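Colleague: Sharing final.pdb here; it has PDB, C-alpha atoms, pLDDT in the B column.
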```
ATOM      1  CA  GLY Q   1     126.521 143.156  96.591  1.00 48.00           C
ATOM      2  CA  TRP Q   2     129.728 144.095  98.377  1.00 48.00           C
ATOM      3  CA  THR Q   3     131.569 147.364  98.463  1.00 51.00           C
ATOM      4  CA  ARG Q   4     135.189 147.164  99.509  1.00 51.00           C
ATOM      5  CA  ASN Q   5     137.221 150.073 100.876  1.00 50.00           C
ATOM      6  CA  ASN Q   6     139.810 147.876 102.508  1.00 51.00           C
ATOM      7  CA  GLN Q   7     139.831 144.235 103.586  1.00 49.00           C
ATOM      8  CA  HIS Q   8     137.973 144.872 106.861  1.00 64.00           C
ATOM      9  CA  GLU Q   9     135.315 147.369 105.853  1.00 78.00           C
ATOM     10  CA  LEU Q  10     132.559 145.573 103.992  1.00 89.00           C
ATOM     11  CA  VAL Q  11     128.985 146.671 103.412  1.00 94.00           C
ATOM     12  CA  ARG Q  12     126.545 144.021 102.218  1.00 96.00           C
ATOM     13  CA  ILE Q  13     122.880 144.059 101.168  1.00 96.00           C
ATOM     14  CA  SER Q  14     120.824 140.854 101.020  1.00 97.00           C
ATOM     15  CA  PHE Q  15     117.490 140.931  99.214  1.00 97.00           C
ATOM     16  CA  LEU Q  16     115.083 138.855 101.327  1.00 97.00           C
ATOM     17  CA  GLY Q  17     111.929 139.766  99.369  1.00 95.00           C
ATOM     18  CA  ALA Q  18     110.464 142.081  96.700  1.00 93.00           C
ATOM     19  CA  SER Q  19     113.211 141.388  94.197  1.00 90.00           C
ATOM     20  CA  ARG Q  20     111.580 140.603  90.831  1.00 86.00           C
ATOM     21  CA  GLN Q  21     108.191 140.639  92.563  1.00 88.00           C
ATOM     22  CA  VAL Q  22     105.770 143.107  94.170  1.00 88.00           C
ATOM     23  CA  GLY Q  23     105.320 142.511  97.889  1.00 92.00           C
ATOM     24  CA  ARG Q  24     107.251 141.361 100.996  1.00 96.00           C
ATOM     25  CA  SER Q  25     109.862 144.117 100.772  1.00 97.00           C
ATOM     26  CA  CYS Q  26     112.737 143.227 103.096  1.00 98.00           C
ATOM     27  CA  PHE Q  27     116.452 143.982 102.784  1.00 98.00           C
ATOM     28  CA  LEU Q  28     119.239 143.118 105.224  1.00 98.00           C
ATOM     29  CA  LEU Q  29     122.028 145.685 105.522  1.00 98.00           C
ATOM     30  CA  GLN Q  30     125.239 144.335 107.044  1.00 97.00           C
ATOM     31  CA  THR Q  31     128.068 146.722 107.950  1.00 96.00           C
ATOM     32  CA  PRO Q  32     131.261 146.183 109.966  1.00 94.00           C
ATOM     33  CA  GLU Q  33     129.319 146.852 113.196  1.00 95.00           C
ATOM     34  CA  SER Q  34     125.602 146.490 112.438  1.00 97.00           C
ATOM     35  CA  ARG Q  35     122.733 144.360 111.135  1.00 97.00           C
ATOM     36  CA  VAL Q  36     119.704 146.414 110.051  1.00 98.00           C
ATOM     37  CA  LEU Q  37     116.512 145.451 108.186  1.00 98.00           C
ATOM     38  CA  LEU Q  38     115.121 147.921 105.660  1.00 98.00           C
ATOM     39  CA  ASP Q  39     111.358 147.238 105.632  1.00 98.00           C
ATOM     40  CA  CYS Q  40     109.715 143.977 106.657  1.00 98.00           C
ATOM     41  CA  GLY Q  41     106.555 143.348 104.634  1.00 97.00           C
ATOM     42  CA  ILE Q  42     104.234 140.589 103.501  1.00 96.00           C
ATOM     43  CA  ASN Q  43     103.036 139.680 100.008  1.00 95.00           C
ATOM     44  CA  VAL Q  44      99.261 139.883 100.458  1.00 90.00           C
ATOM     45  CA  ALA Q  45      98.643 138.336  97.017  1.00 89.00           C
ATOM     46  CA  ALA Q  46     100.672 135.159  97.703  1.00 90.00           C
ATOM     47  CA  GLN Q  47      99.981 131.949  99.617  1.00 88.00           C
ATOM     48  CA  GLY Q  48     102.001 130.054 102.247  1.00 87.00           C
ATOM     49  CA  GLN Q  49     105.709 130.819 102.721  1.00 89.00           C
ATOM     50  CA  GLU Q  50     105.683 132.977  99.576  1.00 92.00           C
ATOM     51  CA  GLN Q  51     103.882 135.641 101.633  1.00 94.00           C
ATOM     52  CA  TYR Q  52     106.810 136.259 103.963  1.00 96.00           C
ATOM     53  CA  PRO Q  53     110.408 137.501 103.656  1.00 97.00           C
ATOM     54  CA  ILE Q  54     113.068 134.808 103.309  1.00 96.00           C
ATOM     55  CA  LEU Q  55     114.364 135.022 106.868  1.00 95.00           C
ATOM     56  CA  ASP Q  56     115.963 131.567 106.795  1.00 94.00           C
ATOM     57  CA  ALA Q  57     118.788 133.063 104.705  1.00 94.00           C
ATOM     58  CA  PRO Q  58     122.081 132.035 106.401  1.00 95.00           C
ATOM     59  CA  GLU Q  59     123.170 135.640 107.006  1.00 94.00           C
ATOM     60  CA  PHE Q  60     119.983 136.597 108.903  1.00 97.00           C
ATOM     61  CA  LYS Q  61     119.920 135.914 112.645  1.00 97.00           C
ATOM     62  CA  LEU Q  62     117.148 137.543 114.667  1.00 97.00           C
ATOM     63  CA  GLU Q  63     119.303 137.717 117.805  1.00 97.00           C
ATOM     64  CA  GLU Q  64     121.940 139.745 115.879  1.00 97.00           C
ATOM     65  CA  LEU Q  65     119.460 142.307 114.504  1.00 98.00           C
ATOM     66  CA  ASP Q  66     120.221 145.858 115.739  1.00 98.00           C
ATOM     67  CA  ALA Q  67     117.396 147.896 114.187  1.00 98.00           C
ATOM     68  CA  VAL Q  68     114.597 147.960 111.599  1.00 98.00           C
ATOM     69  CA  VAL Q  69     113.833 150.950 109.340  1.00 98.00           C
ATOM     70  CA  ILE Q  70     110.331 151.186 107.836  1.00 98.00           C
ATOM     71  CA  SER Q  71     109.715 153.336 104.744  1.00 98.00           C
ATOM     72  CA  HIS Q  72     105.899 153.570 104.887  1.00 97.00           C
ATOM     73  CA  PRO Q  73     102.840 151.836 106.367  1.00 96.00           C
ATOM     74  CA  HIS Q  74     101.556 149.654 103.506  1.00 95.00           C
ATOM     75  CA  LEU Q  75     101.499 145.950 104.435  1.00 95.00           C
ATOM     76  CA  ASP Q  76     104.006 144.974 101.751  1.00 96.00           C
ATOM     77  CA  HIS Q  77     106.540 147.071 103.712  1.00 97.00           C
ATOM     78  CA  VAL Q  78     105.519 146.727 107.382  1.00 98.00           C
ATOM     79  CA  GLY Q  79     103.126 143.740 107.604  1.00 97.00           C
ATOM     80  CA  PHE Q  80     105.711 141.236 108.893  1.00 97.00           C
ATOM     81  CA  LEU Q  81     107.295 143.490 111.527  1.00 98.00           C
ATOM     82  CA  PRO Q  82     105.013 142.418 114.440  1.00 98.00           C
ATOM     83  CA  TRP Q  83     106.112 138.808 113.807  1.00 98.00           C
ATOM     84  CA  LEU Q  84     109.725 139.783 114.622  1.00 98.00           C
ATOM     85  CA  TYR Q  85     108.563 141.024 118.042  1.00 98.00           C
ATOM     86  CA  LYS Q  86     106.501 137.863 118.544  1.00 97.00           C
ATOM     87  CA  MET Q  87     109.675 135.830 117.888  1.00 97.00           C
ATOM     88  CA  GLY Q  88     111.659 137.766 120.497  1.00 96.00           C
ATOM     89  CA  TYR Q  89     113.158 140.758 118.684  1.00 97.00           C
ATOM     90  CA  ASN Q  90     113.462 143.467 121.295  1.00 97.00           C
ATOM     91  CA  GLY Q  91     115.158 146.325 119.442  1.00 98.00           C
ATOM     92  CA  PRO Q  92     114.010 149.596 117.900  1.00 98.00           C
ATOM     93  CA  CYS Q  93     112.122 150.196 114.654  1.00 98.00           C
ATOM     94  CA  TYR Q  94     112.519 153.640 113.077  1.00 98.00           C
ATOM     95  CA  MET Q  95     109.741 155.296 111.075  1.00 98.00           C
ATOM     96  CA  THR Q  96     107.745 158.534 110.872  1.00 98.00           C
ATOM     97  CA  GLY Q  97     104.783 159.190 113.198  1.00 98.00           C
ATOM     98  CA  PRO Q  98     102.127 158.608 110.509  1.00 97.00           C
ATOM     99  CA  THR Q  99     103.853 155.362 109.453  1.00 98.00           C
ATOM    100  CA  ARG Q 100     103.685 154.064 113.030  1.00 98.00           C
ATOM    101  CA  ASP Q 101     100.001 154.995 113.434  1.00 97.00           C
ATOM    102  CA  VAL Q 102      98.692 153.875 110.036  1.00 96.00           C
ATOM    103  CA  GLY Q 103     100.992 150.824 110.002  1.00 97.00           C
ATOM    104  CA  ALA Q 104      99.636 149.626 113.361  1.00 98.00           C
ATOM    105  CA  LEU Q 105      96.048 150.015 112.104  1.00 96.00           C
ATOM    106  CA  LEU Q 106      96.813 148.080 108.921  1.00 96.00           C
ATOM    107  CA  CYS Q 107      98.533 145.258 110.843  1.00 96.00           C
ATOM    108  CA  LEU Q 108      95.510 144.985 113.164  1.00 96.00           C
ATOM    109  CA  ASP Q 109      93.286 144.996 110.075  1.00 94.00           C
ATOM    110  CA  ALA Q 110      95.373 142.143 108.589  1.00 92.00           C
ATOM    111  CA  ILE Q 111      94.705 140.067 111.738  1.00 93.00           C
ATOM    112  CA  GLY Q 112      90.966 140.740 111.319  1.00 90.00           C
ATOM    113  CA  VAL Q 113      91.025 139.744 107.634  1.00 87.00           C
ATOM    114  CA  SER Q 114      92.836 136.473 108.473  1.00 85.00           C
ATOM    115  CA  GLN Q 115      90.214 135.615 111.073  1.00 81.00           C
ATOM    116  CA  LYS Q 116      87.337 136.384 108.674  1.00 84.00           C
ATOM    117  CA  GLU Q 117      88.917 134.060 106.106  1.00 81.00           C
ATOM    118  CA  ALA Q 118      89.323 131.405 108.841  1.00 74.00           C
ATOM    119  CA  ASN Q 119      93.121 131.492 108.475  1.00 79.00           C
ATOM    120  CA  LYS Q 120      95.341 131.488 111.501  1.00 83.00           C
ATOM    121  CA  SER Q 121      96.956 134.916 111.883  1.00 89.00           C
ATOM    122  CA  ILE Q 122     100.758 134.764 112.190  1.00 93.00           C
ATOM    123  CA  TYR Q 123     100.713 137.324 115.040  1.00 95.00           C
ATOM    124  CA  GLY Q 124      98.233 138.920 117.412  1.00 95.00           C
ATOM    125  CA  ALA Q 125      97.254 142.381 118.647  1.00 96.00           C
ATOM    126  CA  LYS Q 126      99.800 142.019 121.485  1.00 97.00           C
ATOM    127  CA  ASP Q 127     102.632 141.798 118.935  1.00 98.00           C
ATOM    128  CA  VAL Q 128     101.386 144.900 117.091  1.00 98.00           C
ATOM    129  CA  LYS Q 129     101.405 146.696 120.460  1.00 98.00           C
ATOM    130  CA  GLU Q 130     105.049 145.609 120.985  1.00 98.00           C
ATOM    131  CA  MET Q 131     105.924 147.029 117.553  1.00 98.00           C
ATOM    132  CA  VAL Q 132     104.337 150.373 118.477  1.00 98.00           C
ATOM    133  CA  LYS Q 133     106.121 150.401 121.870  1.00 98.00           C
ATOM    134  CA  HIS Q 134     109.495 149.882 120.174  1.00 98.00           C
ATOM    135  CA  SER Q 135     108.855 152.473 117.433  1.00 98.00           C
ATOM    136  CA  ILE Q 136     111.130 155.490 117.406  1.00 98.00           C
ATOM    137  CA  THR Q 137     109.530 158.184 115.266  1.00 98.00           C
ATOM    138  CA  LEU Q 138     111.659 160.628 113.302  1.00 98.00           C
ATOM    139  CA  GLU Q 139     110.797 163.811 111.430  1.00 98.00           C
ATOM    140  CA  TYR Q 140     111.884 164.385 107.839  1.00 98.00           C
ATOM    141  CA  GLU Q 141     115.497 165.645 107.661  1.00 97.00           C
ATOM    142  CA  GLU Q 142     116.207 164.765 111.296  1.00 97.00           C
ATOM    143  CA  VAL Q 143     119.646 163.104 111.390  1.00 97.00           C
ATOM    144  CA  THR Q 144     119.829 160.152 113.799  1.00 97.00           C
ATOM    145  CA  ASP Q 145     122.464 157.583 114.782  1.00 98.00           C
ATOM    146  CA  ILE Q 146     120.718 154.202 114.922  1.00 98.00           C
ATOM    147  CA  THR Q 147     123.771 151.960 115.482  1.00 97.00           C
ATOM    148  CA  PRO Q 148     127.468 152.707 116.170  1.00 96.00           C
ATOM    149  CA  ASP Q 149     128.214 152.980 112.436  1.00 96.00           C
ATOM    150  CA  ILE Q 150     124.845 153.848 110.812  1.00 98.00           C
ATOM    151  CA  ARG Q 151     123.256 157.282 110.685  1.00 98.00           C
ATOM    152  CA  ILE Q 152     119.931 157.786 108.902  1.00 98.00           C
ATOM    153  CA  THR Q 153     117.917 160.733 107.595  1.00 98.00           C
ATOM    154  CA  PHE Q 154     114.337 160.484 106.333  1.00 98.00           C
ATOM    155  CA  TYR Q 155     113.154 162.558 103.366  1.00 98.00           C
ATOM    156  CA  ASN Q 156     109.606 162.906 102.023  1.00 98.00           C
ATOM    157  CA  ALA Q 157     108.841 160.141  99.495  1.00 97.00           C
ATOM    158  CA  GLY Q 158     105.495 161.669  98.376  1.00 95.00           C
ATOM    159  CA  HIS Q 159     103.902 158.188  98.199  1.00 94.00           C
ATOM    160  CA  THR Q 160     101.466 158.235 101.119  1.00 94.00           C
ATOM    161  CA  ILE Q 161     101.242 160.239 104.351  1.00 94.00           C
ATOM    162  CA  GLY Q 162     104.520 159.876 106.281  1.00 95.00           C
ATOM    163  CA  SER Q 163     106.279 157.841 103.578  1.00 97.00           C
ATOM    164  CA  ALA Q 164     110.060 158.223 103.659  1.00 98.00           C
ATOM    165  CA  ILE Q 165     113.123 157.804 101.497  1.00 98.00           C
ATOM    166  CA  THR Q 166     116.011 156.876 103.816  1.00 98.00           C
ATOM    167  CA  HIS Q 167     119.526 158.251 103.383  1.00 98.00           C
ATOM    168  CA  ILE Q 168     121.936 155.911 105.180  1.00 98.00           C
ATOM    169  CA  HIS Q 169     125.437 157.119 106.070  1.00 97.00           C
ATOM    170  CA  ILE Q 170     127.653 154.153 106.968  1.00 97.00           C
ATOM    171  CA  GLY Q 171     130.841 154.437 109.013  1.00 95.00           C
ATOM    172  CA  ASN Q 172     132.996 157.508 108.844  1.00 92.00           C
ATOM    173  CA  GLY Q 173     132.222 158.260 105.186  1.00 91.00           C
ATOM    174  CA  LEU Q 174     132.627 154.562 104.266  1.00 93.00           C
ATOM    175  CA  HIS Q 175     129.454 154.447 102.139  1.00 95.00           C
ATOM    176  CA  ASN Q 176     126.246 156.407 101.466  1.00 97.00           C
ATOM    177  CA  LEU Q 177     123.173 154.396 100.554  1.00 97.00           C
ATOM    178  CA  VAL Q 178     119.690 155.675  99.664  1.00 98.00           C
ATOM    179  CA  TYR Q 179     116.795 153.265 100.213  1.00 98.00           C
ATOM    180  CA  CYS Q 180     113.732 154.576  98.390  1.00 96.00           C
ATOM    181  CA  GLY Q 181     110.781 152.404  99.437  1.00 94.00           C
ATOM    182  CA  ASP Q 182     107.879 153.539  97.204  1.00 95.00           C
ATOM    183  CA  TYR Q 183     107.905 157.128  95.968  1.00 94.00           C
ATOM    184  CA  LYS Q 184     106.161 159.574  93.647  1.00 92.00           C
ATOM    185  CA  PHE Q 185     107.637 162.498  91.709  1.00 89.00           C
ATOM    186  CA  LEU Q 186     104.547 164.510  90.720  1.00 87.00           C
ATOM    187  CA  ARG Q 187     102.941 167.114  92.930  1.00 89.00           C
ATOM    188  CA  THR Q 188      99.417 165.749  93.453  1.00 86.00           C
ATOM    189  CA  GLN Q 189      96.239 167.059  95.105  1.00 84.00           C
ATOM    190  CA  LEU Q 190      97.427 165.757  98.482  1.00 88.00           C
ATOM    191  CA  LEU Q 191     101.158 165.141  98.438  1.00 92.00           C
ATOM    192  CA  GLU Q 192     104.389 166.923  97.555  1.00 95.00           C
ATOM    193  CA  PRO Q 193     106.805 165.281  95.103  1.00 96.00           C
ATOM    194  CA  ALA Q 194     109.552 163.018  96.466  1.00 97.00           C
ATOM    195  CA  VAL Q 195     112.815 164.644  97.524  1.00 97.00           C
ATOM    196  CA  ASN Q 196     115.558 163.686  95.071  1.00 95.00           C
ATOM    197  CA  ARG Q 197     118.605 165.600  96.291  1.00 95.00           C
ATOM    198  CA  PHE Q 198     120.840 164.088  98.969  1.00 95.00           C
ATOM    199  CA  PRO Q 199     124.144 165.177 100.521  1.00 91.00           C
ATOM    200  CA  ARG Q 200     126.116 162.198  99.202  1.00 95.00           C
ATOM    201  CA  VAL Q 201     125.080 158.987  97.456  1.00 97.00           C
ATOM    202  CA  GLU Q 202     127.082 156.023  96.219  1.00 96.00           C
ATOM    203  CA  THR Q 203     124.270 153.456  95.972  1.00 96.00           C
ATOM    204  CA  ILE Q 204     120.509 153.739  95.400  1.00 97.00           C
ATOM    205  CA  ILE Q 205     117.978 150.943  96.009  1.00 96.00           C
ATOM    206  CA  THR Q 206     114.843 151.887  94.098  1.00 95.00           C
ATOM    207  CA  GLU Q 207     111.434 150.321  93.590  1.00 93.00           C
ATOM    208  CA  SER Q 208     110.394 149.783  89.971  1.00 91.00           C
ATOM    209  CA  THR Q 209     106.806 148.540  90.311  1.00 87.00           C
ATOM    210  CA  TYR Q 210     105.609 150.552  87.284  1.00 85.00           C
ATOM    211  CA  GLY Q 211     109.020 150.669  85.639  1.00 85.00           C
ATOM    212  CA  ALA Q 212     108.495 148.216  82.792  1.00 86.00           C
ATOM    213  CA  ARG Q 213     108.574 149.291  79.163  1.00 90.00           C
ATOM    214  CA  ASP Q 214     104.787 148.871  78.795  1.00 92.00           C
ATOM    215  CA  ASP Q 215     103.891 150.863  81.935  1.00 91.00           C
ATOM    216  CA  VAL Q 216     102.912 154.082  80.174  1.00 92.00           C
ATOM    217  CA  PHE Q 217      99.978 155.763  81.894  1.00 90.00           C
ATOM    218  CA  ALA Q 218      97.639 158.559  80.878  1.00 92.00           C
ATOM    219  CA  SER Q 219      98.512 161.934  82.415  1.00 90.00           C
ATOM    220  CA  ARG Q 220      97.047 162.799  85.804  1.00 87.00           C
ATOM    221  CA  LYS Q 221      94.996 165.562  84.166  1.00 91.00           C
ATOM    222  CA  ALA Q 222      93.476 163.126  81.651  1.00 95.00           C
ATOM    223  CA  CYS Q 223      92.597 160.705  84.466  1.00 90.00           C
ATOM    224  CA  GLU Q 224      91.032 163.430  86.622  1.00 90.00           C
ATOM    225  CA  ASP Q 225      89.047 164.790  83.652  1.00 96.00           C
ATOM    226  CA  GLU Q 226      87.751 161.288  82.910  1.00 95.00           C
ATOM    227  CA  ILE Q 227      86.567 160.595  86.478  1.00 93.00           C
ATOM    228  CA  VAL Q 228      84.871 164.024  86.654  1.00 96.00           C
ATOM    229  CA  GLN Q 229      83.001 163.202  83.401  1.00 97.00           C
ATOM    230  CA  VAL Q 230      81.896 159.785  84.666  1.00 96.00           C
ATOM    231  CA  ILE Q 231      80.602 161.281  87.939  1.00 96.00           C
ATOM    232  CA  LYS Q 232      78.795 164.146  86.158  1.00 97.00           C
ATOM    233  CA  LYS Q 233      77.077 161.813  83.672  1.00 97.00           C
ATOM    234  CA  THR Q 234      76.031 159.374  86.393  1.00 97.00           C
ATOM    235  CA  VAL Q 235      74.630 162.090  88.671  1.00 96.00           C
ATOM    236  CA  GLU Q 236      72.738 163.675  85.774  1.00 97.00           C
ATOM    237  CA  ARG Q 237      71.073 160.303  85.127  1.00 97.00           C
ATOM    238  CA  GLY Q 238      70.147 160.022  88.825  1.00 97.00           C
ATOM    239  CA  GLY Q 239      72.612 157.192  89.412  1.00 96.00           C
ATOM    240  CA  LYS Q 240      75.048 156.391  92.230  1.00 95.00           C
ATOM    241  CA  VAL Q 241      78.832 156.445  91.886  1.00 94.00           C
ATOM    242  CA  LEU Q 242      80.841 153.730  93.652  1.00 92.00           C
ATOM    243  CA  VAL Q 243      84.636 153.916  93.540  1.00 88.00           C
ATOM    244  CA  PRO Q 244      86.168 150.612  94.685  1.00 90.00           C
ATOM    245  CA  VAL Q 245      89.696 151.465  95.760  1.00 87.00           C
ATOM    246  CA  MET Q 246      92.313 150.527  98.366  1.00 81.00           C
ATOM    247  CA  GLY Q 247      91.705 152.341 101.651  1.00 79.00           C
ATOM    248  CA  VAL Q 248      95.149 153.769 102.377  1.00 82.00           C
ATOM    249  CA  GLY Q 249      96.704 156.275 100.003  1.00 77.00           C
ATOM    250  CA  ARG Q 250      94.544 155.470  96.964  1.00 77.00           C
ATOM    251  CA  SER Q 251      91.033 156.353  98.160  1.00 79.00           C
ATOM    252  CA  GLN Q 252      92.098 159.772  99.435  1.00 77.00           C
TER     253      GLN Q 252
END
```
Would you mind writing the file out in structure tokens?
Modeller:
Amino acid sequence: GWTRNNQHELVRISFLGASRQVGRSCFLLQTPESRVLLDCGINVAAQGQEQYPILDAPEFKLEELDAVVISHPHLDHVGFLPWLYKMGYNGPCYMTGPTRDVGALLCLDAIGVSQKEANKSIYGAKDVKEMVKHSITLEYEEVTDITPDIRITFYNAGHTIGSAITHIHIGNGLHNLVYCGDYKFLRTQLLEPAVNRFPRVETIITESTYGARDDVFASRKACEDEIVQVIKKTVERGGKVLVPVMGVGRSQ
């Protein structure tokens, strides 16, 4: 969509993935002076071109890209970033320290999984190394200019270690945009709730993965009580408990 302050000051967002689907999150932010990608993920559940962001959109040109901002290290948000470096992108990517470290491990893991499944990986370890070399890590609430007319601040998203909601201040008060990535509002055993107060906001881009009418879950307490019961019963019977679960963020 466009926001118009006067004829020459336009801010535009293009949705290059993750709209009406889970996976391959990737959004292009165009301002009067900048081109920035918000996340650059893959859809691990899809096949072929459906796995990757739609980077053949007419408004996206790799050579015009100024910066990439990554919300958190899950592959549906960072898994395509090394490919940009493989293709010649040479600019910065902004993220928190844990996002850089865990994201690099997950991208390397994705290469390994491709090889095990006898698929050709779309990038190699060298490209992941380039991504890490170009990473600029920011703390929560550290205000940083990333282009001449874009200033960002990360806030805790509570989703996984280092996950960030990004407040984006465009121009001299032209527009304030909040890009959420994935977030969580409850205080849990490991993580604080997401921050939900920002200095100024005109537009919010939010995930809605569990936002459908039917997505009503049992309370956290009910879930924890149930798993404790299952483990107790199994141990009492001399059995073994296996918990099959995704490695990053869920298993902890």
Colleague: How many Å lie between atom CA of Gly97 of chain Q and atom CA of Thr137 of chain Q, rounded to one decimal?
Modeller: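 One can read the atom CA of Gly97 of chain Q to atom CA of Thr137 of chain Q distance as 5.3 Å.
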Colleague: Go through the shown structure with the PyMOL selection byres ((chain Q and resi 207) around 10) and write out the matching residues as a list in words.
Modeller: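 Applying the expression gives Ala18, Ser19, Val22, Ser25, Tyr179, Cys180, Gly181, Asp182, Tyr183, Ile204, Ile205, Thr206, Ser208, Thr209, Tyr210 and Gly211 of chain Q.
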Colleague: If the PyMOL selection byres ((chain Q and resi 88) around 12) were run on this exact file, what residues would it hold? Put them as a list of chain:residue names.
Modeller: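 Checking the PyMOL selection byres ((chain Q and resi 88) around 12) against this file, the residues are Q:Lys61, Q:Leu62, Q:Glu63, Q:Glu64, Q:Leu65, Q:Leu81, Q:Pro82, Q:Trp83, Q:Leu84, Q:Tyr85, Q:Lys86, Q:Met87, Q:Tyr89, Q:Asn90, Q:Gly91, Q:Asp127, Q:Glu130, Q:Met131.
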Colleague: As an exercise, work out the distance from atom CA of Arg250 of chain Q to atom CA of Leu75 of chain Q in Å and give it to one decimal place.
Modeller: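 It comes out at 14.0 Å.
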Colleague: Since I can't run it myself right now, could you work out what the PyMOL selection byres ((chain Q and resi 189) around 12) selects here and report it as a list in words?
Modeller: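 Evaluating the PyMOL selection byres ((chain Q and resi 189) around 12) on these coordinates yields Gly158, Thr160, Leu186, Arg187, Thr188, Leu190, Leu191, Glu192, Pro193, Arg220, Lys221, Glu224, Gly249, Arg250 and Gln252 of chain Q.
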Colleague: Name the residues in contact with Leu37 of chain Q at a cut-off of 6 Å, using all atoms listed in the file, excluding same-chain residues fewer than 2 positions from it; report them as a PyMOL selection string.
Modeller: chain Q and resi 27-28+68
Colleague: What lies within 10 Å of Cys107 of chain Q using all atoms listed in the file, ignoring chain neighbours under 3 positions off, as a PyMOL selection string?
Modeller: chain Q and resi 73-75+78-82+102-104+110-113+123-125+127-128
Colleague: Would you list the contacts of Ala57 of chain Q as a list in words, taking every protein, DNA or RNA residue within 8 Å and counting all atoms listed in the file, but skipping same-chain residues closer than 3 positions in sequence?
Modeller: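 Everything that qualifies: Leu16, Ile54 and Phe60 of chain Q.
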Colleague: Residues proximal to (127.4, 162.4, 101.3) were defined as those with any atom within 9 Å of that point in the file's coordinates, counting only C-alpha atoms. Which are they, as a list in words?
Modeller: His169, Gly173, His175, Asn176, Phe198, Pro199, Arg200, Val201 and Glu202 of chain Q
Colleague: Atom CA of Ile170 of chain Q and atom CA of Tyr140 of chain Q, how far apart in Å?
Modeller: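 These atoms are spaced 18.8 Å apart.
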Colleague: With only C-alpha atoms as the basis for distance, which of Q:Leu55, Q:Met95, Q:Ile42, Q:Ile146 is at the shortest distance from Ala67 of chain Q?
Modeller: Q:Ile146
Colleague: Using only C-alpha atoms for the distances, tell me which of Q:Ala118, Q:Ala157, Q:Leu108, Q:Val11 is nearest to Leu177 of chain Q.
Modeller: Q:Val11
Colleague: Would you list the contacts of Val241 of chain Q as a PDB file with C-alpha atoms, in the coordinates of the input, taking every protein, DNA or RNA residue within 9 Å and counting only C-alpha atoms, but skipping same-chain residues closer than 5 positions in sequence?
Modeller:
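Listing of around.pdb after writing:
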```pdb
ATOM      1  CA  VAL Q 230      81.896 159.785  84.666  1.00 96.00           C
ATOM      2  CA  ILE Q 231      80.602 161.281  87.939  1.00 96.00           C
ATOM      3  CA  THR Q 234      76.031 159.374  86.393  1.00 97.00           C
ATOM      4  CA  VAL Q 235      74.630 162.090  88.671  1.00 96.00           C
TER       5      VAL Q 235
END
```
Colleague: Restricting the calculation to only C-alpha atoms, which member of Q:Arg197, Q:Lys240, Q:Arg24, Q:His167 is positioned closest to Ala45 of chain Q?
Modeller: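 Nearest candidate to Ala45 of chain Q out of Q:Arg197, Q:Lys240, Q:Arg24, Q:His167: Q:Arg24.
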